[in-house]
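Printed here is entry.cif (mmCIF, C-alpha atoms):
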```cif
data_upload
loop_
_atom_site.group_PDB
_atom_site.id
_atom_site.type_symbol
_atom_site.label_atom_id
_atom_site.label_comp_id
_atom_site.auth_asym_id
_atom_site.auth_seq_id
_atom_site.Cartn_x
_atom_site.Cartn_y
_atom_site.Cartn_z
ATOM 1 C CA MET A 1 -11.707 -42.826 -18.300
ATOM 2 C CA THR A 2 -13.629 -40.099 -20.133
ATOM 3 C CA LYS A 3 -14.397 -36.769 -18.500
ATOM 4 C CA THR A 4 -18.111 -37.601 -18.580
ATOM 5 C CA THR A 5 -17.554 -40.943 -16.875
ATOM 6 C CA SER A 6 -15.312 -39.294 -14.317
ATOM 7 C CA ARG A 7 -17.947 -36.683 -13.509
ATOM 8 C CA LEU A 8 -20.654 -39.326 -13.183
ATOM 9 C CA LEU A 9 -18.472 -41.395 -10.865
ATOM 10 C CA ALA A 10 -17.676 -38.356 -8.735
ATOM 11 C CA THR A 11 -21.367 -37.468 -8.531
ATOM 12 C CA ALA A 12 -22.290 -41.023 -7.558
ATOM 13 C CA LEU A 13 -19.611 -41.135 -4.844
ATOM 14 C CA SER A 14 -20.672 -37.753 -3.525
ATOM 15 C CA SER A 15 -24.334 -38.817 -3.420
ATOM 16 C CA ALA A 16 -23.435 -42.055 -1.671
ATOM 17 C CA PHE A 17 -21.435 -40.149 0.935
ATOM 18 C CA LEU A 18 -24.248 -37.706 1.583
ATOM 19 C CA PHE A 19 -26.818 -40.491 1.817
ATOM 20 C CA SER A 20 -24.698 -42.396 4.303
ATOM 21 C CA ALA A 21 -24.185 -39.232 6.357
ATOM 22 C CA PHE A 22 -27.911 -38.566 6.503
ATOM 23 C CA THR A 23 -28.723 -42.138 7.497
ATOM 24 C CA LEU A 24 -26.214 -42.112 10.353
ATOM 25 C CA ALA A 25 -28.704 -40.120 12.425
ATOM 26 C CA GLU A 26 -31.587 -42.070 13.854
ATOM 27 C CA ALA A 27 -33.786 -42.044 16.923
ATOM 28 C CA GLY A 28 -31.428 -44.215 18.907
ATOM 29 C CA GLN A 29 -31.619 -44.135 22.683
ATOM 30 C CA ALA A 30 -28.859 -42.116 24.301
ATOM 31 C CA SER A 31 -28.189 -40.540 27.676
ATOM 32 C CA PHE A 32 -25.599 -38.335 29.323
ATOM 33 C CA VAL A 33 -25.260 -36.777 32.770
ATOM 34 C CA VAL A 34 -22.554 -34.317 33.819
ATOM 35 C CA ASP A 35 -21.735 -32.630 37.112
ATOM 36 C CA VAL A 36 -21.799 -28.942 36.197
ATOM 37 C CA HIS A 37 -19.303 -27.735 38.792
ATOM 38 C CA SER A 38 -16.633 -30.405 38.370
ATOM 39 C CA GLY A 39 -17.250 -31.331 34.732
ATOM 40 C CA GLN A 40 -17.243 -35.014 35.714
ATOM 41 C CA VAL A 41 -19.225 -37.267 33.396
ATOM 42 C CA LEU A 42 -21.548 -39.270 35.625
ATOM 43 C CA GLU A 43 -23.468 -41.274 33.033
ATOM 44 C CA ALA A 44 -22.936 -41.910 29.330
ATOM 45 C CA SER A 45 -24.698 -44.224 26.908
ATOM 46 C CA ASN A 46 -24.440 -43.806 23.127
ATOM 47 C CA GLN A 47 -23.494 -40.244 23.958
ATOM 48 C CA ASP A 48 -21.659 -39.601 20.684
ATOM 49 C CA GLU A 49 -24.166 -41.243 18.345
ATOM 50 C CA LEU A 50 -25.863 -38.852 15.938
ATOM 51 C CA ASN A 51 -29.523 -38.131 16.631
ATOM 52 C CA TYR A 52 -32.021 -35.482 15.614
ATOM 53 C CA PRO A 53 -32.380 -32.700 18.199
ATOM 54 C CA ALA A 54 -36.013 -31.722 17.488
ATOM 55 C CA SER A 55 -36.848 -28.696 19.650
ATOM 56 C CA LEU A 56 -33.679 -29.011 21.716
ATOM 57 C CA THR A 57 -32.460 -26.924 18.764
ATOM 58 C CA LYS A 58 -34.163 -23.908 20.302
ATOM 59 C CA MET A 59 -31.605 -23.930 23.112
ATOM 60 C CA MET A 60 -29.059 -22.626 20.606
ATOM 61 C CA THR A 61 -31.547 -20.111 19.204
ATOM 62 C CA LEU A 62 -31.931 -18.764 22.730
ATOM 63 C CA TYR A 63 -28.175 -18.851 23.356
ATOM 64 C CA LEU A 64 -27.669 -16.532 20.377
ATOM 65 C CA ALA A 65 -30.587 -14.334 21.456
ATOM 66 C CA PHE A 66 -29.050 -13.945 24.931
ATOM 67 C CA GLU A 67 -25.683 -13.193 23.347
ATOM 68 C CA ALA A 68 -27.259 -10.484 21.187
ATOM 69 C CA LEU A 69 -28.973 -9.019 24.249
ATOM 70 C CA HIS A 70 -25.698 -8.780 26.116
ATOM 71 C CA ASP A 71 -23.778 -7.139 23.280
ATOM 72 C CA GLY A 72 -26.548 -4.657 22.487
ATOM 73 C CA ARG A 73 -27.838 -6.010 19.175
ATOM 74 C CA LEU A 74 -31.217 -6.790 20.758
ATOM 75 C CA SER A 75 -33.275 -5.437 23.654
ATOM 76 C CA TRP A 76 -36.058 -7.120 25.617
ATOM 77 C CA ASP A 77 -38.655 -4.631 24.367
ATOM 78 C CA GLN A 78 -37.537 -4.781 20.748
ATOM 79 C CA LYS A 79 -40.311 -5.632 18.301
ATOM 80 C CA LEU A 80 -39.911 -8.631 16.015
ATOM 81 C CA THR A 81 -42.045 -8.993 12.909
ATOM 82 C CA MET A 82 -43.675 -12.324 12.192
ATOM 83 C CA SER A 83 -42.983 -13.057 8.545
ATOM 84 C CA GLU A 84 -45.139 -15.331 6.431
ATOM 85 C CA ASN A 85 -42.350 -17.889 6.788
ATOM 86 C CA ALA A 86 -42.468 -17.666 10.574
ATOM 87 C CA GLU A 87 -46.265 -17.821 10.633
ATOM 88 C CA SER A 88 -46.195 -21.024 8.571
ATOM 89 C CA LYS A 89 -44.295 -23.063 11.168
ATOM 90 C CA GLU A 90 -46.734 -25.576 12.651
ATOM 91 C CA PRO A 91 -47.832 -26.847 15.064
ATOM 92 C CA PHE A 92 -46.741 -24.868 18.129
ATOM 93 C CA LYS A 93 -46.749 -21.117 17.633
ATOM 94 C CA LEU A 94 -48.042 -17.825 18.980
ATOM 95 C CA ALA A 95 -50.081 -17.430 15.785
ATOM 96 C CA VAL A 96 -50.356 -13.655 15.921
ATOM 97 C CA GLY A 97 -50.477 -13.482 12.134
ATOM 98 C CA ALA A 98 -47.985 -12.588 9.409
ATOM 99 C CA GLY A 99 -46.916 -8.958 9.543
ATOM 100 C CA ARG A 100 -47.744 -8.535 13.217
ATOM 101 C CA LYS A 101 -45.153 -7.969 15.912
ATOM 102 C CA VAL A 102 -44.108 -9.495 19.215
ATOM 103 C CA THR A 103 -41.464 -8.286 21.635
ATOM 104 C CA LEU A 104 -38.267 -10.206 22.097
ATOM 105 C CA ARG A 105 -39.359 -10.998 25.658
ATOM 106 C CA GLU A 106 -42.639 -12.469 24.381
ATOM 107 C CA ALA A 107 -40.738 -14.517 21.785
ATOM 108 C CA VAL A 108 -38.236 -15.863 24.322
ATOM 109 C CA GLU A 109 -40.901 -16.754 26.873
ATOM 110 C CA ALA A 110 -42.966 -18.435 24.145
ATOM 111 C CA ILE A 111 -39.974 -20.565 23.164
ATOM 112 C CA VAL A 112 -39.174 -21.503 26.762
ATOM 113 C CA VAL A 113 -42.742 -22.379 27.769
ATOM 114 C CA LEU A 114 -44.530 -23.365 24.563
ATOM 115 C CA SER A 115 -41.646 -24.213 22.206
ATOM 116 C CA ALA A 116 -43.164 -21.756 19.735
ATOM 117 C CA ASN A 117 -41.725 -22.305 16.272
ATOM 118 C CA ASP A 118 -42.797 -18.939 14.878
ATOM 119 C CA ALA A 119 -41.041 -17.138 17.732
ATOM 120 C CA ALA A 120 -37.804 -19.024 17.013
ATOM 121 C CA VAL A 121 -37.970 -18.091 13.332
ATOM 122 C CA ALA A 122 -38.714 -14.443 14.162
ATOM 123 C CA ILE A 123 -35.543 -14.267 16.272
ATOM 124 C CA ALA A 124 -33.547 -16.030 13.558
ATOM 125 C CA GLU A 125 -34.718 -13.664 10.836
ATOM 126 C CA GLN A 126 -34.045 -10.626 13.021
ATOM 127 C CA LEU A 127 -30.487 -11.701 13.823
ATOM 128 C CA GLY A 128 -29.503 -13.556 10.669
ATOM 129 C CA GLY A 129 -31.773 -12.229 7.943
ATOM 130 C CA SER A 130 -32.925 -15.730 7.034
ATOM 131 C CA GLU A 131 -33.204 -19.188 8.564
ATOM 132 C CA PRO A 132 -30.268 -20.640 6.566
ATOM 133 C CA ALA A 133 -27.956 -17.752 7.460
ATOM 134 C CA PHE A 134 -28.886 -17.968 11.125
ATOM 135 C CA ALA A 135 -28.457 -21.755 11.078
ATOM 136 C CA LYS A 136 -24.870 -21.316 9.886
ATOM 137 C CA THR A 137 -24.246 -18.986 12.828
ATOM 138 C CA MET A 138 -25.838 -21.591 15.113
ATOM 139 C CA THR A 139 -23.507 -24.300 13.807
ATOM 140 C CA ASP A 140 -20.449 -22.061 14.075
ATOM 141 C CA LYS A 141 -21.311 -21.220 17.667
ATOM 142 C CA ALA A 142 -21.930 -24.887 18.464
ATOM 143 C CA HIS A 143 -18.441 -25.771 17.270
ATOM 144 C CA GLN A 144 -16.941 -22.870 19.243
ATOM 145 C CA LEU A 145 -18.592 -24.278 22.371
ATOM 146 C CA GLY A 146 -17.155 -27.729 21.724
ATOM 147 C CA MET A 147 -20.251 -29.293 20.178
ATOM 148 C CA LYS A 148 -18.159 -30.917 17.490
ATOM 149 C CA ASP A 149 -20.778 -33.282 16.061
ATOM 150 C CA THR A 150 -23.695 -30.848 15.822
ATOM 151 C CA VAL A 151 -25.064 -29.286 12.632
ATOM 152 C CA PHE A 152 -28.034 -26.918 12.702
ATOM 153 C CA LYS A 153 -30.213 -26.203 9.684
ATOM 154 C CA ASN A 154 -33.059 -24.196 11.217
ATOM 155 C CA PRO A 155 -33.800 -22.386 14.498
ATOM 156 C CA SER A 156 -36.871 -24.387 15.514
ATOM 157 C CA GLY A 157 -35.932 -28.054 15.297
ATOM 158 C CA LEU A 158 -38.528 -28.864 12.671
ATOM 159 C CA PRO A 159 -37.411 -31.948 10.708
ATOM 160 C CA ASP A 160 -34.346 -31.705 8.485
ATOM 161 C CA PRO A 161 -32.208 -34.782 7.728
ATOM 162 C CA GLU A 162 -28.997 -32.722 7.969
ATOM 163 C CA GLN A 163 -29.780 -31.284 11.407
ATOM 164 C CA VAL A 164 -28.019 -33.596 13.840
ATOM 165 C CA THR A 165 -26.508 -33.622 17.312
ATOM 166 C CA THR A 166 -25.466 -35.931 20.129
ATOM 167 C CA ALA A 167 -26.379 -36.321 23.772
ATOM 168 C CA ARG A 168 -22.915 -35.109 24.775
ATOM 169 C CA ASP A 169 -23.265 -31.992 22.602
ATOM 170 C CA MET A 170 -26.686 -31.159 24.043
ATOM 171 C CA ALA A 171 -25.273 -31.402 27.565
ATOM 172 C CA THR A 172 -22.472 -29.064 26.502
ATOM 173 C CA LEU A 173 -25.059 -26.566 25.261
ATOM 174 C CA GLY A 174 -27.063 -26.797 28.474
ATOM 175 C CA VAL A 175 -23.974 -26.161 30.593
ATOM 176 C CA SER A 176 -22.904 -23.315 28.289
ATOM 177 C CA LEU A 177 -26.250 -21.555 28.641
ATOM 178 C CA MET A 178 -26.011 -21.802 32.407
ATOM 179 C CA ARG A 179 -22.386 -20.669 32.529
ATOM 180 C CA ASP A 180 -22.507 -17.832 29.991
ATOM 181 C CA PHE A 181 -25.934 -16.366 30.812
ATOM 182 C CA PRO A 182 -26.725 -17.256 34.438
ATOM 183 C CA GLU A 183 -29.482 -14.662 34.861
ATOM 184 C CA ASP A 184 -31.165 -15.366 31.525
ATOM 185 C CA PHE A 185 -30.902 -19.098 32.218
ATOM 186 C CA LYS A 186 -33.394 -18.655 35.050
ATOM 187 C CA LEU A 187 -36.097 -18.182 32.395
ATOM 188 C CA PHE A 188 -35.921 -21.929 31.691
ATOM 189 C CA SER A 189 -37.575 -22.534 35.058
ATOM 190 C CA MET A 190 -40.780 -20.810 33.877
ATOM 191 C CA ARG A 191 -43.780 -23.138 34.116
ATOM 192 C CA GLY A 192 -46.142 -20.772 32.354
ATOM 193 C CA PHE A 193 -46.607 -17.205 31.196
ATOM 194 C CA GLN A 194 -49.273 -14.720 30.206
ATOM 195 C CA PHE A 195 -49.530 -13.670 26.580
ATOM 196 C CA ARG A 196 -51.952 -10.917 25.747
ATOM 197 C CA GLY A 197 -54.560 -11.976 28.246
ATOM 198 C CA MET A 198 -54.030 -15.724 27.924
ATOM 199 C CA LYS A 199 -52.505 -17.819 30.694
ATOM 200 C CA LEU A 200 -50.393 -20.521 29.087
ATOM 201 C CA ARG A 201 -48.765 -23.505 30.766
ATOM 202 C CA GLY A 202 -45.700 -25.371 29.576
ATOM 203 C CA HIS A 203 -45.175 -29.075 29.039
ATOM 204 C CA ASN A 204 -41.860 -29.852 30.762
ATOM 205 C CA ASN A 205 -43.497 -32.203 33.232
ATOM 206 C CA LEU A 206 -40.271 -33.023 35.069
ATOM 207 C CA MET A 207 -40.453 -29.567 36.654
ATOM 208 C CA TYR A 208 -43.770 -30.573 38.219
ATOM 209 C CA ARG A 209 -42.839 -34.049 39.353
ATOM 210 C CA TYR A 210 -39.175 -33.902 40.400
ATOM 211 C CA ASP A 211 -37.813 -31.864 43.292
ATOM 212 C CA GLY A 212 -34.808 -29.798 42.203
ATOM 213 C CA VAL A 213 -35.461 -29.690 38.452
ATOM 214 C CA ASP A 214 -35.399 -26.135 37.110
ATOM 215 C CA GLY A 215 -35.492 -26.567 33.314
ATOM 216 C CA ILE A 216 -34.593 -26.718 30.528
ATOM 217 C CA LYS A 217 -36.020 -28.122 27.218
ATOM 218 C CA THR A 218 -38.029 -30.970 25.744
ATOM 219 C CA GLY A 219 -38.150 -32.073 22.111
ATOM 220 C CA TYR A 220 -40.055 -34.439 19.869
ATOM 221 C CA THR A 221 -40.474 -35.298 16.216
ATOM 222 C CA ASP A 222 -41.276 -38.648 14.618
ATOM 223 C CA ALA A 223 -37.643 -38.944 13.504
ATOM 224 C CA SER A 224 -36.061 -37.937 16.821
ATOM 225 C CA GLY A 225 -38.240 -39.681 19.336
ATOM 226 C CA TYR A 226 -38.706 -38.013 22.725
ATOM 227 C CA ASN A 227 -35.776 -35.916 23.922
ATOM 228 C CA VAL A 228 -35.078 -33.819 27.000
ATOM 229 C CA VAL A 229 -32.253 -31.781 28.468
ATOM 230 C CA THR A 230 -32.700 -31.287 32.202
ATOM 231 C CA SER A 231 -31.001 -29.084 34.756
ATOM 232 C CA ALA A 232 -31.349 -29.995 38.417
ATOM 233 C CA LEU A 233 -29.910 -28.747 41.709
ATOM 234 C CA LYS A 234 -30.026 -30.688 44.949
ATOM 235 C CA ASP A 235 -28.132 -29.952 48.168
ATOM 236 C CA GLY A 236 -25.510 -27.936 46.306
ATOM 237 C CA ARG A 237 -24.937 -30.428 43.494
ATOM 238 C CA ARG A 238 -25.895 -29.225 40.009
ATOM 239 C CA VAL A 239 -26.209 -31.686 37.121
ATOM 240 C CA VAL A 240 -27.297 -31.466 33.518
ATOM 241 C CA GLY A 241 -28.806 -34.606 32.031
ATOM 242 C CA VAL A 242 -29.798 -35.571 28.501
ATOM 243 C CA VAL A 243 -32.127 -38.328 27.340
ATOM 244 C CA MET A 244 -32.732 -38.850 23.616
ATOM 245 C CA GLY A 245 -34.687 -41.191 21.386
ATOM 246 C CA GLU A 246 -37.265 -42.538 23.827
ATOM 247 C CA LYS A 247 -40.518 -43.967 22.489
ATOM 248 C CA THR A 248 -42.913 -41.959 24.675
ATOM 249 C CA ALA A 249 -42.810 -38.805 26.774
ATOM 250 C CA SER A 250 -43.464 -40.773 29.962
ATOM 251 C CA LEU A 251 -40.609 -43.204 29.262
ATOM 252 C CA ARG A 252 -38.315 -40.250 28.604
ATOM 253 C CA ASP A 253 -39.315 -38.526 31.830
ATOM 254 C CA ASP A 254 -39.065 -41.729 33.864
ATOM 255 C CA LYS A 255 -35.583 -42.414 32.504
ATOM 256 C CA MET A 256 -34.433 -38.896 33.366
ATOM 257 C CA ALA A 257 -35.925 -39.171 36.857
ATOM 258 C CA GLY A 258 -34.024 -42.417 37.356
ATOM 259 C CA LEU A 259 -30.759 -40.831 36.248
ATOM 260 C CA LEU A 260 -31.287 -37.934 38.631
ATOM 261 C CA ASP A 261 -32.041 -40.370 41.437
ATOM 262 C CA ASN A 262 -28.635 -41.948 40.829
ATOM 263 C CA TYR A 263 -26.641 -38.734 41.074
ATOM 264 C CA LEU A 264 -28.539 -36.226 43.209
ATOM 265 C CA PRO A 265 -28.436 -36.682 46.986
ATOM 266 C CA SER A 266 -31.688 -37.548 48.740
ATOM 267 C CA SER A 267 -33.683 -37.134 45.539
ATOM 268 C CA THR A 268 -37.385 -37.777 45.576
ATOM 269 C CA ALA A 269 -39.567 -38.204 42.549
ATOM 270 C CA GLY A 270 -43.329 -38.289 42.478
ATOM 271 C CA THR A 271 -45.569 -38.204 39.466
ATOM 272 C CA ALA A 272 -48.010 -35.313 39.533
ATOM 273 C CA THR A 273 -51.475 -35.993 38.270
ATOM 274 C CA ALA A 274 -52.963 -33.959 35.444
ATOM 275 C CA ALA A 275 -55.744 -32.819 37.751
ATOM 276 C CA SER A 276 -53.242 -31.218 40.113
ATOM 277 C CA GLN A 277 -51.620 -29.142 37.366
ATOM 278 C CA PRO A 278 -53.628 -25.973 36.701
ATOM 279 C CA GLY A 279 -53.818 -24.124 33.436
ATOM 280 C CA ALA A 280 -53.914 -25.033 29.766
ATOM 281 C CA THR A 281 -52.116 -28.245 28.893
ATOM 282 C CA MET A 282 -49.992 -28.843 25.808
ATOM 283 C CA THR A 283 -49.040 -32.496 25.451
ATOM 284 C CA ASP A 284 -45.803 -33.993 24.127
ATOM 285 C CA ALA A 285 -47.614 -35.944 21.422
ATOM 286 C CA GLN A 286 -47.118 -33.531 18.527
ATOM 287 C CA PRO A 287 -43.953 -32.308 16.820
ATOM 288 C CA THR A 288 -41.946 -30.314 17.562
ATOM 289 C CA LYS A 289 -40.996 -29.537 21.125
#
```

Spit out the file's structure as structure tokens when you get a sec.
Amino acid sequence: MTKTTSRLLATALSSAFLFSAFTLAEAGQASFVVDVHSGQVLEASNQDELNYPASLTKMMTLYLAFEALHDGRLSWDQKLTMSENAESKEPFKLAVGAGRKVTLREAVEAIVVLSANDAAVAIAEQLGGSEPAFAKTMTDKAHQLGMKDTVFKNPSGLPDPEQVTTARDMATLGVSLMRDFPEDFKLFSMRGFQFRGMKLRGHNNLMYRYDGVDGIKTGYTDASGYNVVTSALKDGRRVVGVVMGEKTASLRDDKMAGLLDNYLPSSTAGTATAASQPGATMTDAQPTK
């Protein structure tokens, strides 16, 4: 075999491997529920199948932001500059304009409530210098936490075929946020916030319709389907649930409500009507959240 033929064969095999790796991830339905205090797995379906996280990715962006806050690399009042790169991240963003600044608190609240992509990138560029460098830190941290099948490629969850996770890994991240940053975790229960004179309402509808739910993150892209990680507390029992790959936001929310019904004592679920929910509404119909 000539050297040229050998190189071509190696390239072809490498390309085939990469293609197969990318195509392993698809918007397959998956679910996972864990009891936070005991660690007992209560529900698991396709929990280790690769899927795209969409904006569930921002949970890790916030984990690293909280970590930086606690070790003194960031402060709540610190100003972050919106780069042209950050400003370009559609569709959900604060849209203050390239070159302008937001505080870390504004960025974190915008991620929690609005799933703002520009805010996630601003944090990434502050901590990592660039999205790719920060994404490597995200992946390293994921593996440290036991999220063995997760790879991050950006801080926002905008589509990337190499950015993959599993329902089990997302539950691990949810529990880790709660365990490692209990005070900061309370921010995930925010239903809205004020930003420079505007009152903005979030779109995690389970917090409106299900007693005991106090966060944490929704996600959607065309490739991922509708995802959610949910934290709920009822009569002393705390669970974290994950639903991934559903076809609509309502199906996703209904499935999560059903899972919570199974494992939370005396749970009650009631769908709130849009008319009863004050404030600006941002729907789940556009990527990425």

- Radius query 12 Å about (-29.1, -39.5, 44.7), atoms used: only C-alpha atoms, as a list of chain:residue names: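 Here the neighbourhood of the point contains A:Leu42, A:Asp211, A:Gly212, A:Ala232, A:Leu233, A:Lys234, A:Asp235, A:Arg237, A:Arg238, A:Val239, A:Ala257, A:Gly258, A:Leu259, A:Leu260, A:Asp261, A:Asn262, A:Tyr263, A:Leu264, A:Pro265, A:Ser266, A:Ser267, A:Thr268, A:Ala269.
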
- Message: Selection in question (the file shown): the PyMOL selection byres ((chain A and resi 180) around 12). Which residues does it include, as a list in words?
- Response: Leu62, Tyr63, Leu64, Phe66, Glu67, His70, Leu145, Thr172, Leu173, Gly174, Val175, Ser176, Leu177, Met178, Arg179, Phe181, Pro182, Glu183, Asp184 and Phe185 of chain A

- Query: Taking all atoms listed in the file into account, which of A:Arg168, A:His203, A:Lys247, A:Arg209 comes nearest Ala44 of chain A?
  - Reply: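 Using all atoms listed in the file, Ala44 of chain A sits closest to A:Arg168.
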
Expansion of the PyMOL selection byres ((chain A and resi 135) around 12) into residues, as a PDB file with C-alpha atoms, in the coordinates of the input:
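As written to disk, expr13.pdb reads:
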```pdb
ATOM      1  CA  THR A  57     -32.460 -26.924  18.764  1.00  0.00           C
ATOM      2  CA  LYS A  58     -34.163 -23.908  20.302  1.00  0.00           C
ATOM      3  CA  MET A  60     -29.059 -22.626  20.606  1.00  0.00           C
ATOM      4  CA  THR A  61     -31.547 -20.111  19.204  1.00  0.00           C
ATOM      5  CA  LEU A  64     -27.669 -16.532  20.377  1.00  0.00           C
ATOM      6  CA  ALA A 120     -37.804 -19.024  17.013  1.00  0.00           C
ATOM      7  CA  VAL A 121     -37.970 -18.091  13.332  1.00  0.00           C
ATOM      8  CA  ILE A 123     -35.543 -14.267  16.272  1.00  0.00           C
ATOM      9  CA  ALA A 124     -33.547 -16.030  13.558  1.00  0.00           C
ATOM     10  CA  GLU A 125     -34.718 -13.664  10.836  1.00  0.00           C
ATOM     11  CA  LEU A 127     -30.487 -11.701  13.823  1.00  0.00           C
ATOM     12  CA  GLY A 128     -29.503 -13.556  10.669  1.00  0.00           C
ATOM     13  CA  GLY A 129     -31.773 -12.229   7.943  1.00  0.00           C
ATOM     14  CA  SER A 130     -32.925 -15.730   7.034  1.00  0.00           C
ATOM     15  CA  GLU A 131     -33.204 -19.188   8.564  1.00  0.00           C
ATOM     16  CA  PRO A 132     -30.268 -20.640   6.566  1.00  0.00           C
ATOM     17  CA  ALA A 133     -27.956 -17.752   7.460  1.00  0.00           C
ATOM     18  CA  PHE A 134     -28.886 -17.968  11.125  1.00  0.00           C
ATOM     19  CA  LYS A 136     -24.870 -21.316   9.886  1.00  0.00           C
ATOM     20  CA  THR A 137     -24.246 -18.986  12.828  1.00  0.00           C
ATOM     21  CA  MET A 138     -25.838 -21.591  15.113  1.00  0.00           C
ATOM     22  CA  THR A 139     -23.507 -24.300  13.807  1.00  0.00           C
ATOM     23  CA  ASP A 140     -20.449 -22.061  14.075  1.00  0.00           C
ATOM     24  CA  LYS A 141     -21.311 -21.220  17.667  1.00  0.00           C
ATOM     25  CA  ALA A 142     -21.930 -24.887  18.464  1.00  0.00           C
ATOM     26  CA  THR A 150     -23.695 -30.848  15.822  1.00  0.00           C
ATOM     27  CA  VAL A 151     -25.064 -29.286  12.632  1.00  0.00           C
ATOM     28  CA  PHE A 152     -28.034 -26.918  12.702  1.00  0.00           C
ATOM     29  CA  LYS A 153     -30.213 -26.203   9.684  1.00  0.00           C
ATOM     30  CA  ASN A 154     -33.059 -24.196  11.217  1.00  0.00           C
ATOM     31  CA  PRO A 155     -33.800 -22.386  14.498  1.00  0.00           C
ATOM     32  CA  SER A 156     -36.871 -24.387  15.514  1.00  0.00           C
ATOM     33  CA  GLY A 157     -35.932 -28.054  15.297  1.00  0.00           C
ATOM     34  CA  ASP A 160     -34.346 -31.705   8.485  1.00  0.00           C
ATOM     35  CA  GLU A 162     -28.997 -32.722   7.969  1.00  0.00           C
ATOM     36  CA  GLN A 163     -29.780 -31.284  11.407  1.00  0.00           C
TER      37      GLN A 163
END
```

Given the file above and the PyMOL selection byres ((chain A and resi 76) around 7), which residues are selected, and can you give them as an mmCIF file with C-alpha atoms, in the coordinates of the input?
```
data_model
loop_
_atom_site.group_PDB
_atom_site.id
_atom_site.type_symbol
_atom_site.label_atom_id
_atom_site.label_comp_id
_atom_site.auth_asym_id
_atom_site.auth_seq_id
_atom_site.Cartn_x
_atom_site.Cartn_y
_atom_site.Cartn_z
ATOM 1 C CA LEU A 74 -31.217 -6.790 20.758
ATOM 2 C CA SER A 75 -33.275 -5.437 23.654
ATOM 3 C CA ASP A 77 -38.655 -4.631 24.367
ATOM 4 C CA GLN A 78 -37.537 -4.781 20.748
ATOM 5 C CA THR A 103 -41.464 -8.286 21.635
ATOM 6 C CA LEU A 104 -38.267 -10.206 22.097
ATOM 7 C CA ARG A 105 -39.359 -10.998 25.658
#
```

- Query: How many Å lie between atom CA of Asn204 of chain A and atom CA of Ser55 of chain A, rounded to one decimal?
  - Reply: 12.2 Å

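Picture a line from atom CA of Thr166 of chain A to atom CA of Asp253 of chain A; it runs 18.3 Å.
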
- Task: Name the closest residue to Leu158 of chain A among the candidates A:Leu94, A:Val41, A:Ala54, A:Ala223; distances are taken between atoms, counting all atoms listed in the file.
- Result: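 Ranking A:Leu94, A:Val41, A:Ala54, A:Ala223 by distance to Leu158 of chain A, first place goes to A:Ala54.
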
- Expressed in Å to a single decimal, how great is the separation between atom CA of Met256 of chain A and atom CA of Met147 of chain A?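 Spanning atom CA of Met256 of chain A to atom CA of Met147 of chain A is a straight-line distance of 21.6 Å.
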
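The residue that comes closest to Gly241 of chain A, out of A:Thr81, A:Ala171, A:Leu187, A:Met198 and on the basis of all atoms listed in the file, is A:Ala171.
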
If the box runs along x, y and z of the file and leaves 5 Å on each side of segment 118-123 of chain A, what are its centre and edge lengths in Å, one decimal, as JSON?
```
{"center_x": -39.2, "center_y": -16.6, "center_z": 15.5, "size_x": 17.3, "size_y": 14.8, "size_z": 14.4}
```

- Message: Counting only C-alpha atoms, find residues at most 10 Å from (-46.1, -21.0, 15.1) (file frame) and give them as a PyMOL selection string.
- Response: chain A and resi 82+85-97+110+114-122+156

- Item | Using only C-alpha atoms: which of A:Ser224, A:Val113, A:Asn46, A:Ser31 has the shortest distance to Phe193 of chain A | A:Val113

- Item | For Ser83 of chain A, the nearest of the candidates A:Glu43, A:Asn51, A:His143, A:Gln126, counting all atoms listed in the file |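 When distances to Ser83 of chain A are compared using all atoms listed in the file, the smallest one comes from A:Gln126.
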
- Between A:Tyr208, A:Phe195, A:Phe188, A:Tyr52, which is the closest to Tyr220 of chain A once you count only C-alpha atoms?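 Distance minimum relative to Tyr220 of chain A lands on A:Tyr52.
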
Since the input has fewer atoms than a full residue there, write segment 225-232 of chain A out with N, CA and C atoms, as an mmCIF file, keeping the file's coordinate frame.
```
data_model
loop_
_atom_site.group_PDB
_atom_site.id
_atom_site.type_symbol
_atom_site.label_atom_id
_atom_site.label_comp_id
_atom_site.auth_asym_id
_atom_site.auth_seq_id
_atom_site.Cartn_x
_atom_site.Cartn_y
_atom_site.Cartn_z
ATOM 1 N N GLY A 225 -37.754 -39.120 18.096
ATOM 2 C CA GLY A 225 -38.240 -39.681 19.336
ATOM 3 C C GLY A 225 -38.342 -38.583 20.383
ATOM 4 N N TYR A 226 -38.489 -38.979 21.638
ATOM 5 C CA TYR A 226 -38.706 -38.013 22.725
ATOM 6 C C TYR A 226 -37.383 -37.682 23.412
ATOM 7 N N ASN A 227 -37.039 -36.405 23.388
ATOM 8 C CA ASN A 227 -35.776 -35.916 23.922
ATOM 9 C C ASN A 227 -36.016 -34.962 25.089
ATOM 10 N N VAL A 228 -35.023 -34.839 25.951
ATOM 11 C CA VAL A 228 -35.078 -33.819 27.000
ATOM 12 C C VAL A 228 -33.667 -33.503 27.474
ATOM 13 N N VAL A 229 -33.431 -32.226 27.734
ATOM 14 C CA VAL A 229 -32.253 -31.781 28.468
ATOM 15 C C VAL A 229 -32.766 -31.207 29.783
ATOM 16 N N THR A 230 -32.195 -31.653 30.883
ATOM 17 C CA THR A 230 -32.700 -31.287 32.202
ATOM 18 C C THR A 230 -31.586 -30.741 33.077
ATOM 19 N N SER A 231 -31.890 -29.648 33.741
ATOM 20 C CA SER A 231 -31.001 -29.084 34.756
ATOM 21 C C SER A 231 -31.624 -29.314 36.121
ATOM 22 N N ALA A 232 -30.817 -29.742 37.071
ATOM 23 C CA ALA A 232 -31.349 -29.995 38.417
ATOM 24 C C ALA A 232 -30.296 -29.649 39.465
#
```
